[in-house]
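query.txt (compact mmCIF, C-alpha atoms and all ligand atoms) appears below.
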# COMPACT_ATOMS: atom_id res chain seq x y z
CA MET A 19 137.53 149.72 60.98
CA LYS A 20 139.68 148.84 63.99
CA THR A 21 140.28 145.31 65.20
CA LYS A 22 142.07 143.82 68.19
CA ALA A 23 144.85 141.45 67.15
CA ALA A 24 147.98 139.69 68.42
CA ILE A 25 150.92 140.98 66.37
CA ALA A 26 154.08 139.01 65.61
CA TRP A 27 156.55 141.85 65.13
CA LYS A 28 159.68 139.70 64.98
CA ALA A 29 160.70 136.04 65.08
CA GLY A 30 161.30 134.73 68.59
CA GLN A 31 159.41 137.52 70.38
CA PRO A 32 156.11 137.16 72.24
CA LEU A 33 152.98 138.43 70.47
CA THR A 34 151.64 141.84 71.49
CA ILE A 35 147.94 142.74 71.61
CA GLU A 36 147.20 145.91 69.65
CA GLU A 37 144.52 147.82 67.79
CA VAL A 38 145.00 147.36 64.07
CA ASP A 39 143.39 149.13 61.11
CA LEU A 40 141.45 146.74 58.92
CA GLU A 41 140.26 147.79 55.47
CA GLY A 42 136.88 146.41 54.33
CA PRO A 43 136.47 143.59 51.81
CA ARG A 44 137.30 144.28 48.15
CA ALA A 45 135.89 142.31 45.19
CA GLY A 46 135.65 138.60 45.95
CA GLU A 47 136.50 139.13 49.63
CA VAL A 48 134.60 138.68 52.88
CA LEU A 49 134.83 140.36 56.30
CA VAL A 50 134.62 137.78 59.11
CA GLU A 51 134.35 138.21 62.86
CA ILE A 52 136.49 135.45 64.39
CA LYS A 53 134.85 134.02 67.50
CA ALA A 54 137.49 131.43 68.46
CA THR A 55 140.89 130.22 67.25
CA GLY A 56 143.15 127.32 68.13
CA ILE A 57 146.89 127.70 68.58
CA CYS A 58 148.70 125.16 66.39
CA HIS A 59 152.29 123.97 66.33
CA THR A 60 152.68 125.62 62.91
CA ASP A 61 152.01 129.09 64.40
CA TYR A 62 154.87 128.40 66.82
CA TYR A 63 157.08 127.11 63.98
CA THR A 64 156.64 130.44 62.18
CA LEU A 65 156.92 132.60 65.29
CA SER A 66 160.11 130.80 66.35
CA GLY A 67 161.87 131.87 63.13
CA ALA A 68 162.36 128.26 61.91
CA ASP A 69 159.91 128.81 59.03
CA PRO A 70 161.89 130.03 55.99
CA GLU A 71 158.68 131.52 54.59
CA GLY A 72 157.80 133.40 57.79
CA ILE A 73 156.97 137.08 57.20
CA PHE A 74 157.01 139.82 59.86
CA PRO A 75 155.25 141.90 61.07
CA SER A 76 152.23 139.68 60.64
CA ILE A 77 149.12 138.37 62.36
CA LEU A 78 149.45 134.61 62.83
CA GLY A 79 146.67 132.04 63.41
CA HIS A 80 145.04 129.67 60.96
CA GLU A 81 142.59 127.59 63.01
CA GLY A 82 139.52 129.77 63.44
CA ALA A 83 135.76 129.92 63.22
CA GLY A 84 133.46 132.92 63.00
CA VAL A 85 130.62 134.81 61.36
CA VAL A 86 130.38 136.75 58.11
CA VAL A 87 129.93 140.48 58.79
CA ASP A 88 130.08 141.89 55.26
CA VAL A 89 130.83 140.77 51.71
CA GLY A 90 132.64 142.59 48.90
CA PRO A 91 131.39 143.00 45.31
CA GLY A 92 130.90 139.78 43.38
CA VAL A 93 130.67 137.45 46.37
CA THR A 94 127.87 134.96 45.65
CA SER A 95 128.30 131.93 47.93
CA LEU A 96 128.24 133.70 51.30
CA ARG A 97 126.18 136.37 53.02
CA LYS A 98 126.07 138.27 56.33
CA ASP A 99 125.57 136.03 59.40
CA ASP A 100 126.77 132.83 57.71
CA HIS A 101 129.01 130.76 59.99
CA VAL A 102 132.39 130.02 58.43
CA ILE A 103 135.77 128.36 58.92
CA PRO A 104 138.70 130.11 57.16
CA LEU A 105 140.79 127.83 54.92
CA TYR A 106 144.55 128.14 54.57
CA THR A 107 144.13 125.72 51.67
CA PRO A 108 141.41 127.37 49.55
CA GLU A 109 139.18 125.62 47.03
CA CYS A 110 138.47 127.70 43.90
CA ARG A 111 137.07 124.75 41.90
CA GLN A 112 138.49 126.33 38.72
CA CYS A 113 142.29 126.08 38.73
CA LYS A 114 144.22 123.21 37.13
CA PHE A 115 144.85 121.72 40.57
CA CYS A 116 141.21 121.82 41.70
CA LEU A 117 139.97 120.50 38.34
CA SER A 118 142.47 117.61 38.39
CA GLN A 119 140.58 116.02 41.33
CA LYS A 120 144.01 114.59 42.22
CA THR A 121 144.98 117.09 44.94
CA ASN A 122 143.51 119.57 47.40
CA LEU A 123 146.36 122.05 46.81
CA CYS A 124 144.38 124.80 45.04
CA GLN A 125 146.90 127.23 43.53
CA SER A 126 144.65 130.12 42.50
CA ILE A 127 145.87 132.51 45.23
CA ARG A 128 149.00 130.64 46.32
CA SER A 129 151.61 133.23 45.30
CA THR A 130 150.01 136.23 47.06
CA GLN A 131 149.02 134.13 50.09
CA GLY A 132 152.63 132.98 50.43
CA ARG A 133 153.71 136.66 50.47
CA GLY A 134 151.26 137.56 53.25
CA LEU A 135 148.93 139.43 50.90
CA MET A 136 145.37 139.32 49.59
CA PRO A 137 144.90 138.24 45.92
CA ASP A 138 145.33 141.85 44.68
CA ALA A 139 148.81 141.88 46.27
CA THR A 140 147.97 144.30 49.10
CA SER A 141 147.34 143.81 52.81
CA ARG A 142 144.08 144.76 54.53
CA PHE A 143 145.87 145.17 57.92
CA SER A 144 147.95 148.21 58.89
CA ILE A 145 149.17 150.20 61.88
CA ASP A 146 150.00 153.91 61.43
CA GLY A 147 149.71 153.39 57.67
CA LYS A 148 152.36 150.62 57.61
CA PRO A 149 151.23 147.20 56.38
CA ILE A 150 150.94 144.26 58.73
CA TYR A 151 151.01 141.00 56.75
CA HIS A 152 148.39 138.27 56.59
CA TYR A 153 149.44 134.72 57.55
CA MET A 154 148.37 131.61 55.62
CA GLY A 155 145.58 133.76 54.19
CA THR A 156 143.74 133.53 57.50
CA SER A 157 145.33 135.51 60.42
CA THR A 158 142.86 134.21 62.98
CA PHE A 159 144.74 135.88 65.85
CA SER A 160 142.76 138.98 64.81
CA ASN A 161 139.17 139.46 65.99
CA TYR A 162 138.14 140.59 62.47
CA ILE A 163 139.74 139.41 59.23
CA VAL A 164 139.26 139.83 55.49
CA VAL A 165 139.46 136.57 53.54
CA PRO A 166 138.86 135.62 49.88
CA GLU A 167 135.49 133.95 49.36
CA ILE A 168 137.22 130.79 48.03
CA ALA A 169 139.03 130.45 51.37
CA LEU A 170 135.91 130.13 53.52
CA ALA A 171 133.92 126.98 54.27
CA LYS A 172 130.29 127.68 55.14
CA VAL A 173 129.24 125.52 58.09
CA ARG A 174 126.02 124.86 60.01
CA SER A 175 125.04 127.60 62.44
CA ASP A 176 124.36 125.39 65.51
CA ALA A 177 127.98 124.20 65.82
CA PRO A 178 129.96 125.78 68.70
CA PHE A 179 132.78 128.06 67.54
CA ASP A 180 135.06 127.14 70.44
CA LYS A 181 135.11 123.50 69.23
CA ILE A 182 134.82 123.70 65.45
CA CYS A 183 137.69 126.18 65.15
CA TYR A 184 139.94 123.11 65.58
CA ILE A 185 138.49 121.72 62.32
CA GLY A 186 140.25 124.66 60.61
CA CYS A 187 143.52 122.72 60.93
CA GLY A 188 144.27 119.94 63.45
CA VAL A 189 141.12 117.84 63.20
CA THR A 190 140.92 117.97 59.40
CA THR A 191 144.66 117.35 59.03
CA GLY A 192 144.58 114.20 61.17
CA VAL A 193 141.16 112.80 60.26
CA GLY A 194 141.58 113.72 56.59
CA ALA A 195 145.01 112.05 56.32
CA VAL A 196 143.34 108.75 57.28
CA LEU A 197 140.17 109.13 55.19
CA PHE A 198 141.25 111.18 52.16
CA THR A 199 145.02 110.67 51.75
CA ALA A 200 145.60 107.10 52.93
CA LYS A 201 142.02 105.78 52.62
CA VAL A 202 142.69 103.35 55.47
CA GLU A 203 140.45 100.29 55.32
CA ALA A 204 138.90 98.26 58.15
CA GLY A 205 141.27 95.68 59.60
CA ALA A 206 144.46 97.60 58.70
CA ASN A 207 147.33 97.99 61.16
CA VAL A 208 148.12 101.66 61.75
CA VAL A 209 151.09 103.35 63.42
CA VAL A 210 151.05 106.98 64.54
CA PHE A 211 154.32 108.78 65.34
CA GLY A 212 153.57 111.75 67.63
CA LEU A 213 150.44 111.84 69.80
CA GLY A 214 149.80 115.59 69.79
CA GLY A 215 147.06 117.73 68.30
CA ILE A 216 147.39 116.02 64.91
CA GLY A 217 148.33 112.45 65.90
CA LEU A 218 145.36 112.04 68.24
CA ASN A 219 143.05 112.95 65.36
CA VAL A 220 144.76 110.33 63.18
CA ILE A 221 144.07 107.82 65.96
CA GLN A 222 140.39 108.67 66.26
CA ALA A 223 139.90 108.40 62.49
CA ALA A 224 141.77 105.06 62.37
CA LYS A 225 139.40 103.78 65.04
CA MET A 226 136.41 105.21 63.17
CA VAL A 227 137.25 103.23 59.99
CA GLY A 228 137.77 100.02 61.96
CA ALA A 229 141.56 99.68 61.98
CA ASP A 230 142.87 96.61 63.83
CA LYS A 231 146.05 97.54 65.75
CA ILE A 232 146.55 101.27 66.32
CA ILE A 233 150.07 101.76 67.64
CA GLY A 234 151.12 105.13 69.03
CA VAL A 235 154.75 106.26 69.38
CA ASP A 236 155.63 109.20 71.63
CA LEU A 237 158.45 110.24 73.94
CA ASN A 238 155.97 111.86 76.32
CA PRO A 239 154.46 109.14 78.57
CA GLU A 240 151.65 111.51 79.54
CA ARG A 241 150.22 111.15 76.04
CA GLU A 242 149.45 107.43 76.50
CA ALA A 243 146.20 107.77 78.49
CA MET A 244 144.61 110.28 76.13
CA ALA A 245 145.65 108.27 73.06
CA ARG A 246 144.13 105.07 74.50
CA LYS A 247 140.89 106.96 75.10
CA PHE A 248 140.85 107.86 71.39
CA GLY A 249 141.46 104.28 70.22
CA MET A 250 145.20 103.51 70.49
CA THR A 251 145.71 99.80 71.24
CA HIS A 252 149.50 99.73 71.83
CA PHE A 253 151.96 102.38 73.03
CA ILE A 254 155.67 102.59 72.29
CA ASN A 255 157.91 105.00 74.17
CA PRO A 256 161.07 105.15 72.00
CA SER A 257 163.21 105.73 75.08
CA LYS A 258 162.00 102.40 76.56
CA VAL A 259 162.67 100.07 73.60
CA GLU A 260 165.90 99.12 71.91
CA ASN A 261 164.69 99.67 68.35
CA VAL A 262 161.39 101.32 67.40
CA VAL A 263 161.32 99.85 63.87
CA ASP A 264 161.89 96.26 65.05
CA THR A 265 159.28 96.67 67.81
CA ILE A 266 156.64 97.77 65.27
CA ILE A 267 157.53 95.00 62.82
CA GLU A 268 157.17 92.40 65.62
CA LEU A 269 153.85 93.81 66.86
CA THR A 270 152.35 93.85 63.34
CA ASP A 271 153.71 90.60 61.91
CA GLY A 272 155.88 92.33 59.31
CA GLY A 273 155.07 96.03 59.49
CA SER A 274 152.26 98.54 59.44
CA ASP A 275 149.81 98.92 56.56
CA TYR A 276 149.65 102.68 57.16
CA SER A 277 152.04 104.80 59.21
CA PHE A 278 151.54 108.51 59.91
CA GLU A 279 154.39 110.81 60.93
CA CYS A 280 152.90 113.64 63.00
CA ILE A 281 156.04 115.13 64.56
CA GLY A 282 158.11 116.85 61.87
CA ASN A 283 161.31 114.95 62.65
CA VAL A 284 163.31 113.39 59.80
CA THR A 285 164.49 110.47 61.96
CA THR A 286 160.93 109.43 62.79
CA MET A 287 159.96 109.95 59.13
CA ARG A 288 162.56 107.30 58.24
CA GLN A 289 161.32 105.00 61.02
CA SER A 290 157.77 105.48 59.74
CA LEU A 291 158.75 104.23 56.27
CA GLU A 292 161.06 101.43 57.40
CA SER A 293 158.50 99.98 59.84
CA SER A 294 155.90 99.80 57.02
CA HIS A 295 155.01 96.40 55.59
CA LYS A 296 157.09 95.14 52.68
CA GLY A 297 155.15 95.16 49.41
CA TRP A 298 152.42 97.64 50.32
CA GLY A 299 153.01 99.62 53.55
CA GLN A 300 152.45 103.36 53.21
CA SER A 301 154.14 106.06 55.28
CA ILE A 302 152.24 109.33 55.26
CA ILE A 303 154.24 112.43 56.18
CA ILE A 304 152.17 115.07 57.96
CA GLY A 305 154.82 116.68 60.19
CA VAL A 306 156.65 119.75 58.87
CA ALA A 307 160.42 119.42 59.36
CA ALA A 308 162.66 122.40 60.13
CA ALA A 309 164.15 124.36 57.23
CA GLY A 310 167.05 122.62 55.52
CA GLN A 311 166.24 119.13 56.83
CA GLU A 312 166.23 116.21 54.40
CA ILE A 313 164.83 112.68 54.55
CA SER A 314 166.80 109.59 53.64
CA THR A 315 166.41 105.83 53.38
CA ARG A 316 167.91 103.03 51.35
CA PRO A 317 166.14 103.17 47.95
CA PHE A 318 165.61 99.39 48.24
CA GLN A 319 162.92 100.22 50.83
CA LEU A 320 160.89 101.74 47.98
CA VAL A 321 161.89 99.12 45.40
CA THR A 322 160.39 96.54 47.74
CA GLY A 323 157.01 98.22 47.76
CA ARG A 324 156.95 100.66 50.66
CA VAL A 325 155.45 104.03 49.74
CA TRP A 326 156.28 107.49 51.05
CA LYS A 327 153.60 110.15 50.54
CA GLY A 328 152.67 113.50 52.08
CA SER A 329 149.42 114.99 53.26
CA ALA A 330 148.57 118.70 53.56
CA PHE A 331 145.37 119.69 55.39
CA GLY A 332 144.49 115.98 55.37
CA GLY A 333 143.97 116.03 51.62
CA ALA A 334 140.67 117.79 52.34
CA ARG A 335 139.00 120.09 49.82
CA GLY A 336 138.04 122.74 52.31
CA ARG A 337 134.73 124.13 51.04
CA THR A 338 133.49 120.63 50.22
CA ASP A 339 134.85 118.53 53.10
CA VAL A 340 135.06 120.88 56.12
CA PRO A 341 131.25 121.27 56.42
CA LYS A 342 130.99 117.45 56.44
CA ILE A 343 133.56 117.18 59.24
CA VAL A 344 131.56 119.74 61.25
CA ASP A 345 128.50 117.49 60.75
CA TRP A 346 130.47 114.43 61.97
CA TYR A 347 131.37 116.35 65.12
CA MET A 348 127.77 117.43 65.70
CA GLU A 349 126.60 113.83 65.14
CA GLY A 350 129.08 112.57 67.78
CA LYS A 351 131.20 110.66 65.27
CA ILE A 352 134.37 112.54 66.22
CA ASN A 353 135.46 113.83 69.61
CA ILE A 354 136.85 117.35 69.72
CA ASP A 355 135.84 118.40 73.23
CA ASP A 356 138.42 116.24 75.06
CA LEU A 357 141.27 117.54 72.89
CA ILE A 358 140.64 121.16 73.84
CA THR A 359 142.52 121.26 77.09
CA HIS A 360 142.85 125.02 77.65
CA ARG A 361 140.81 128.18 76.90
CA LEU A 362 142.25 131.69 77.04
CA PRO A 363 141.31 135.27 76.18
CA LEU A 364 143.42 136.89 73.42
CA GLU A 365 145.31 138.89 76.05
CA ARG A 366 146.83 135.59 77.34
CA ILE A 367 147.69 134.08 73.96
CA ASN A 368 151.41 133.82 74.79
CA GLU A 369 150.52 131.46 77.67
CA GLY A 370 148.90 129.22 75.03
CA PHE A 371 152.27 128.98 73.24
CA ASP A 372 154.01 128.14 76.54
CA LEU A 373 151.50 125.37 77.28
CA MET A 374 152.16 123.87 73.84
CA LYS A 375 155.95 124.05 74.18
CA SER A 376 155.89 122.36 77.60
CA GLY A 377 153.67 119.53 76.27
CA GLU A 378 150.97 120.41 78.83
CA SER A 379 148.20 121.21 76.33
CA ILE A 380 146.81 119.32 73.36
CA ARG A 381 144.93 122.35 72.05
CA SER A 382 144.55 125.78 73.57
CA VAL A 383 141.69 127.82 72.16
CA VAL A 384 141.58 131.61 72.25
CA LEU A 385 138.08 133.05 72.76
CA TYR A 386 137.31 136.57 71.56
P1 LIG B 1 152.38 118.54 68.90
O1 LIG B 1 153.57 119.26 69.43
O2 LIG B 1 151.05 118.74 69.53
O3 LIG B 1 152.66 116.96 68.91
C1 LIG B 1 153.91 116.39 68.60
C2 LIG B 1 154.08 115.14 69.46
O4 LIG B 1 155.28 114.48 69.06
C3 LIG B 1 154.21 115.42 70.96
O5 LIG B 1 153.31 114.62 71.68
C4 LIG B 1 155.67 115.06 71.28
O6 LIG B 1 155.85 114.53 72.58
C5 LIG B 1 155.97 114.03 70.21
N1 LIG B 1 157.39 113.90 69.86
C6 LIG B 1 158.28 114.90 69.64
N2 LIG B 1 159.47 114.39 69.27
C7 LIG B 1 159.33 113.04 69.23
C8 LIG B 1 160.19 111.96 68.90
N3 LIG B 1 161.44 112.16 68.51
N4 LIG B 1 159.70 110.70 68.98
C9 LIG B 1 158.43 110.47 69.38
N5 LIG B 1 157.57 111.47 69.70
C10 LIG B 1 158.01 112.73 69.63
O7 LIG B 1 152.31 118.91 67.35
P2 LIG B 1 151.04 118.83 66.39
O8 LIG B 1 150.23 120.08 66.50
O9 LIG B 1 150.39 117.52 66.58
O10 LIG B 1 151.76 118.92 64.96
C11 LIG B 1 152.57 117.85 64.51
C12 LIG B 1 153.27 118.23 63.21
O11 LIG B 1 152.31 118.36 62.16
C13 LIG B 1 154.02 119.56 63.26
O12 LIG B 1 155.22 119.40 62.54
C14 LIG B 1 153.08 120.51 62.52
O13 LIG B 1 153.77 121.61 61.97
C15 LIG B 1 152.56 119.59 61.46
N6 LIG B 1 151.31 119.99 60.80
C16 LIG B 1 151.16 119.58 59.52
C17 LIG B 1 150.01 119.87 58.82
C18 LIG B 1 149.81 119.40 57.43
O14 LIG B 1 148.84 119.78 56.79
N7 LIG B 1 150.70 118.56 56.91
C19 LIG B 1 148.99 120.60 59.45
C20 LIG B 1 149.17 120.98 60.77
C21 LIG B 1 150.33 120.66 61.45
O1 LIG B 2 150.22 124.83 47.63
O2 LIG B 2 152.36 125.00 47.76
C1 LIG B 2 151.24 125.00 48.28
C2 LIG B 2 151.19 125.25 49.77
C3 LIG B 2 150.22 124.39 50.48
C4 LIG B 2 150.29 124.62 51.93
C5 LIG B 2 149.99 123.38 52.68
C6 LIG B 2 150.30 123.58 54.11
C7 LIG B 2 150.33 122.31 54.89
C8 LIG B 2 151.47 122.20 55.82
C9 LIG B 2 151.64 123.34 56.75
C10 LIG B 2 150.99 123.15 58.04
C11 LIG B 2 149.75 123.92 58.16
C12 LIG B 2 149.26 124.21 59.47
ZN ZN B 3 141.82 125.91 42.81

Rewrite the coordinates I just gave you, this time as C-alpha cells.
Ligand code: NAD
Ligand code: DAO
Ligand code: ZN
Amino acid sequence: MKTKAAIAWKAGQPLTIEEVDLEGPRAGEVLVEIKATGICHTDYYTLSGADPEGIFPSILGHEGAGVVVDVGPGVTSLRKDDHVIPLYTPECRQCKFCLSQKTNLCQSIRSTQGRGLMPDATSRFSIDGKPIYHYMGTSTFSNYIVVPEIALAKVRSDAPFDKICYIGCGVTTGVGAVLFTAKVEAGANVVVFGLGGIGLNVIQAAKMVGADKIIGVDLNPEREAMARKFGMTHFINPSKVENVVDTIIELTDGGSDYSFECIGNVTTMRQSLESSHKGWGQSIIIGVAAAGQEISTRPFQLVTGRVWKGSAFGGARGRTDVPKIVDWYMEGKINIDDLITHRLPLERINEGFDLMKSGESIRSVVLY
C-alpha cells in the first residue's frame, strides 16, 4: 500500500512530505493507522545530526497513537480496530531483561530496531524500491506504519488520539521517572532541571504523589507560569542567581531528596547531583546529552550518599503501564490538554520543529 509520510533524507534538512510504499505486516507484526503524533526533542536531536545512531533516509516520530488496521500471522494480543500506542521501548515479557523485573529495557528486538529495521532485518518502507529506514521502531511521522506486536500498547477506545499520543513518550517519560524510577514519596523535596515537555510532566507527577517543595530550574522565564500551574512551588532562573546549587541547598535545608535532569546538558546533570541531599539524595538523569559529552563530579559526592541514576521511558513497561497512564488521563488525574500548545497537519510538520527550537511550544501535535 501507499502511505503519506514526512521523510528525513539527510541530517540538518527539513522533512519532505511524500508518498511511500509500505509493505503489509509479516509474522508477529501489525499494521497501524496513526491518527496523531507529537513532535519530541529527540526527533530534533536525530534530525539535527547530533545523534550518533541517526540513520537516513528514515521516517522519524515516536510519540503516536492510532488504530490497528491488519495483523500478520501469529499475532494474538491485538486485532483490527484496537486502539494502540506504539512503543519505542517494547515489552516482550520473555527476554532476560523483561524477566528480571529490574528494568524496562526489553532487548528482544533492540539490535534490528537500532539499525532502523523490523525484527527480520528488513524495512517495510521504500520509495522506488529503495529502503527508507524505520526510526525507534515506530516512525509515527507516517500515516500508516508496521510495528512488532510487542511494541504496541492496547489502550481504551474512548481516549482522544490527539492527547494520548503524548503518552507515547513525554508524559510517560516524566510521570514514570517520578513513579517508577525514583518512587518519590509524599513530603519529599523535588527539583526539576528543564521545564519543557518532559520536566512539566515530572512536576505534575511530583505534585500527584504529594511532594513538598517542587523547585523548577529553567533559563526561559516564560516557563514559570505553566510550571506553577502544574505544581511547581519555587522557580530558579540560573541567570538570576549566583549559584544554582547553593540556592537549592538553602531552599531545601540541605538539598533535594529527588532531582530530575530534563535538559540533556552535562553541566546541569552535575548541578542536579551536587544539589541533592547528603546521605540519600537521588539525581535522575532523563535528558540525552549530545554525542561525546561526559559527566563528572568529585567521587566524594557519591561516597557521601548521593546517587546518580538514569531513566529511559520513565522506567515504564509499555504494554503494562501505558494503558494505566491513559486511564489516569481519562480519570482527570493527569493534565495533558494544557501541554499541547500547537496542532498542525503533516504538511506543516517543519513548523512544529521551529516552534520547539524557539521555545514557543511545549508540545506540537501533528494530526493526520
Ligand atoms: P524541551 O526542549 O521541551 O525542554 C528543555 C527545557 O530546558 C527548556 O524549557 C529550556 O528552556 C531548558 N533549558 C535548556 N538549557 C538549560 C540550562 N542550561 N539551564 C536551565 N534550563 C535549560 O525538551 P524536552 O522534550 O522536555 O526533553 C528534555 C530532554 O529529555 C531532551 O534531552 C530529550 O532528548 C530527553 N528525553 C529523554 C527521554 C528518556 O527516556 N530518557 C525521553 C524523551 C526525551
Ligand atoms: O535498550 O539500549 C537500549 C536502548 C533503549 C532506548 C531508550 C531510549 C530512551 C532515551 C531516548 C529518548 C527517547 C525519546
Ligand atoms: Zn523483553

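Using all atoms listed in the file for every distance, the candidate list A:His360, A:His80, A:Arg337, A:Arg142 yields A:His80 as the residue closest to Gly186 of chain A.
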
Within-12 Å residues of ligand ZN 3 (chain B), basis only C-alpha atoms and all ligand atoms, as a list in words: Thr107, Pro108, Glu109, Cys110, Arg111, Gln112, Cys113, Lys114, Phe115, Cys116, Leu117, Ser118, Gln119, Lys120, Thr121, Asn122, Leu123, Cys124, Gln125, Ser126, Ile127, Arg128, Ile168, Ala169, Arg335, Gly336 and Arg337 of chain A

Shell of 9 Å around ligand LIG 2 (chain B) (all atoms listed in the file), written as a list in words: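 After applying the 9 Å limit, what remains is Cys58, His59, Thr60, Asp61, His80, Glu81, Tyr106, Thr107, Asn122, Leu123, Cys124, Gln125, Arg128, Ser129, Gly132, Met154, Cys187, Gly188, Thr191, Ile304, Gly305, Val306, Ser329, Ala330, Phe331 and Gly332 of chain A.
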
With C-alpha atoms retained, write the just-selected residues as an mmCIF file, keeping the file's coordinate frame.
data_model
loop_
_atom_site.group_PDB
_atom_site.id
_atom_site.type_symbol
_atom_site.label_atom_id
_atom_site.label_comp_id
_atom_site.auth_asym_id
_atom_site.auth_seq_id
_atom_site.Cartn_x
_atom_site.Cartn_y
_atom_site.Cartn_z
ATOM 1 C CA CYS A 58 148.700 125.160 66.390
ATOM 2 C CA HIS A 59 152.290 123.970 66.330
ATOM 3 C CA THR A 60 152.680 125.620 62.910
ATOM 4 C CA ASP A 61 152.010 129.090 64.400
ATOM 5 C CA HIS A 80 145.040 129.670 60.960
ATOM 6 C CA GLU A 81 142.590 127.590 63.010
ATOM 7 C CA TYR A 106 144.550 128.140 54.570
ATOM 8 C CA THR A 107 144.130 125.720 51.670
ATOM 9 C CA ASN A 122 143.510 119.570 47.400
ATOM 10 C CA LEU A 123 146.360 122.050 46.810
ATOM 11 C CA CYS A 124 144.380 124.800 45.040
ATOM 12 C CA GLN A 125 146.900 127.230 43.530
ATOM 13 C CA ARG A 128 149.000 130.640 46.320
ATOM 14 C CA SER A 129 151.610 133.230 45.300
ATOM 15 C CA GLY A 132 152.630 132.980 50.430
ATOM 16 C CA MET A 154 148.370 131.610 55.620
ATOM 17 C CA CYS A 187 143.520 122.720 60.930
ATOM 18 C CA GLY A 188 144.270 119.940 63.450
ATOM 19 C CA THR A 191 144.660 117.350 59.030
ATOM 20 C CA ILE A 304 152.170 115.070 57.960
ATOM 21 C CA GLY A 305 154.820 116.680 60.190
ATOM 22 C CA VAL A 306 156.650 119.750 58.870
ATOM 23 C CA SER A 329 149.420 114.990 53.260
ATOM 24 C CA ALA A 330 148.570 118.700 53.560
ATOM 25 C CA PHE A 331 145.370 119.690 55.390
ATOM 26 C CA GLY A 332 144.490 115.980 55.370
#

Protein and nucleic residues near ligand LIG 1 (chain B), 8 Å, all atoms listed in the file, as a PyMOL selection string: chain A and resi 58-60+63+187-188+191-192+211-218+235-238+241+255-256+279-283+285-286+303-307+328-332+374-375+377+379-381

Just write the chosen residues, C-alpha atoms, as a PDB file, in the coordinates of the input.
ATOM      1  CA  CYS A  58     148.700 125.160  66.390  1.00  0.00           C
ATOM      2  CA  HIS A  59     152.290 123.970  66.330  1.00  0.00           C
ATOM      3  CA  THR A  60     152.680 125.620  62.910  1.00  0.00           C
ATOM      4  CA  TYR A  63     157.080 127.110  63.980  1.00  0.00           C
ATOM      5  CA  CYS A 187     143.520 122.720  60.930  1.00  0.00           C
ATOM      6  CA  GLY A 188     144.270 119.940  63.450  1.00  0.00           C
ATOM      7  CA  THR A 191     144.660 117.350  59.030  1.00  0.00           C
ATOM      8  CA  GLY A 192     144.580 114.200  61.170  1.00  0.00           C
ATOM      9  CA  PHE A 211     154.320 108.780  65.340  1.00  0.00           C
ATOM     10  CA  GLY A 212     153.570 111.750  67.630  1.00  0.00           C
ATOM     11  CA  LEU A 213     150.440 111.840  69.800  1.00  0.00           C
ATOM     12  CA  GLY A 214     149.800 115.590  69.790  1.00  0.00           C
ATOM     13  CA  GLY A 215     147.060 117.730  68.300  1.00  0.00           C
ATOM     14  CA  ILE A 216     147.390 116.020  64.910  1.00  0.00           C
ATOM     15  CA  GLY A 217     148.330 112.450  65.900  1.00  0.00           C
ATOM     16  CA  LEU A 218     145.360 112.040  68.240  1.00  0.00           C
ATOM     17  CA  VAL A 235     154.750 106.260  69.380  1.00  0.00           C
ATOM     18  CA  ASP A 236     155.630 109.200  71.630  1.00  0.00           C
ATOM     19  CA  LEU A 237     158.450 110.240  73.940  1.00  0.00           C
ATOM     20  CA  ASN A 238     155.970 111.860  76.320  1.00  0.00           C
ATOM     21  CA  ARG A 241     150.220 111.150  76.040  1.00  0.00           C
ATOM     22  CA  ASN A 255     157.910 105.000  74.170  1.00  0.00           C
ATOM     23  CA  PRO A 256     161.070 105.150  72.000  1.00  0.00           C
ATOM     24  CA  GLU A 279     154.390 110.810  60.930  1.00  0.00           C
ATOM     25  CA  CYS A 280     152.900 113.640  63.000  1.00  0.00           C
ATOM     26  CA  ILE A 281     156.040 115.130  64.560  1.00  0.00           C
ATOM     27  CA  GLY A 282     158.110 116.850  61.870  1.00  0.00           C
ATOM     28  CA  ASN A 283     161.310 114.950  62.650  1.00  0.00           C
ATOM     29  CA  THR A 285     164.490 110.470  61.960  1.00  0.00           C
ATOM     30  CA  THR A 286     160.930 109.430  62.790  1.00  0.00           C
ATOM     31  CA  ILE A 303     154.240 112.430  56.180  1.00  0.00           C
ATOM     32  CA  ILE A 304     152.170 115.070  57.960  1.00  0.00           C
ATOM     33  CA  GLY A 305     154.820 116.680  60.190  1.00  0.00           C
ATOM     34  CA  VAL A 306     156.650 119.750  58.870  1.00  0.00           C
ATOM     35  CA  ALA A 307     160.420 119.420  59.360  1.00  0.00           C
ATOM     36  CA  GLY A 328     152.670 113.500  52.080  1.00  0.00           C
ATOM     37  CA  SER A 329     149.420 114.990  53.260  1.00  0.00           C
ATOM     38  CA  ALA A 330     148.570 118.700  53.560  1.00  0.00           C
ATOM     39  CA  PHE A 331     145.370 119.690  55.390  1.00  0.00           C
ATOM     40  CA  GLY A 332     144.490 115.980  55.370  1.00  0.00           C
ATOM     41  CA  MET A 374     152.160 123.870  73.840  1.00  0.00           C
ATOM     42  CA  LYS A 375     155.950 124.050  74.180  1.00  0.00           C
ATOM     43  CA  GLY A 377     153.670 119.530  76.270  1.00  0.00           C
ATOM     44  CA  SER A 379     148.200 121.210  76.330  1.00  0.00           C
ATOM     45  CA  ILE A 380     146.810 119.320  73.360  1.00  0.00           C
ATOM     46  CA  ARG A 381     144.930 122.350  72.050  1.00  0.00           C
TER      47      ARG A 381
END

Which of A:Ala200, A:Val48, A:Val89, A:Leu96 sits closest to Val164 of chain A [using all atoms listed in the file]: A:Val48

Residues within 6 Å of Val384 of chain A, only C-alpha atoms, excluding chain neighbours under 2 positions, as a PyMOL selection string: chain A and resi 54-55+361-364

A:Arg324, A:His101, A:Lys28, A:His252 ranked by distance to Gly82 of chain A, top pick (using all atoms listed in the file): A:His101

Between atom CA of Val227 of chain A and atom CA of Leu197 of chain A, distance in Å (one decimal): 8.1 Å

Expected residue set, 9 Å radius at (165.1, 134.3, 66.0), only C-alpha atoms, as a list in words: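 Checking each residue against the 9 Å limit leaves Lys28, Ala29, Gly30, Gln31, Leu65, Ser66, Gly67 and Ala68 of chain A.
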
Write out as a CSV table (one decimal) with C-alpha atoms, in the coordinates of the input which residues come within 12 Å of Gly147 of chain A when counting all atoms listed in the file, dropping same-chain ones fewer than 4 positions away.
chain,number,residue,atom,x,y,z
A,38,VAL,CA,145.0,147.4,64.1
A,39,ASP,CA,143.4,149.1,61.1
A,40,LEU,CA,141.4,146.7,58.9
A,41,GLU,CA,140.3,147.8,55.5
A,141,SER,CA,147.3,143.8,52.8
A,142,ARG,CA,144.1,144.8,54.5
A,143,PHE,CA,145.9,145.2,57.9
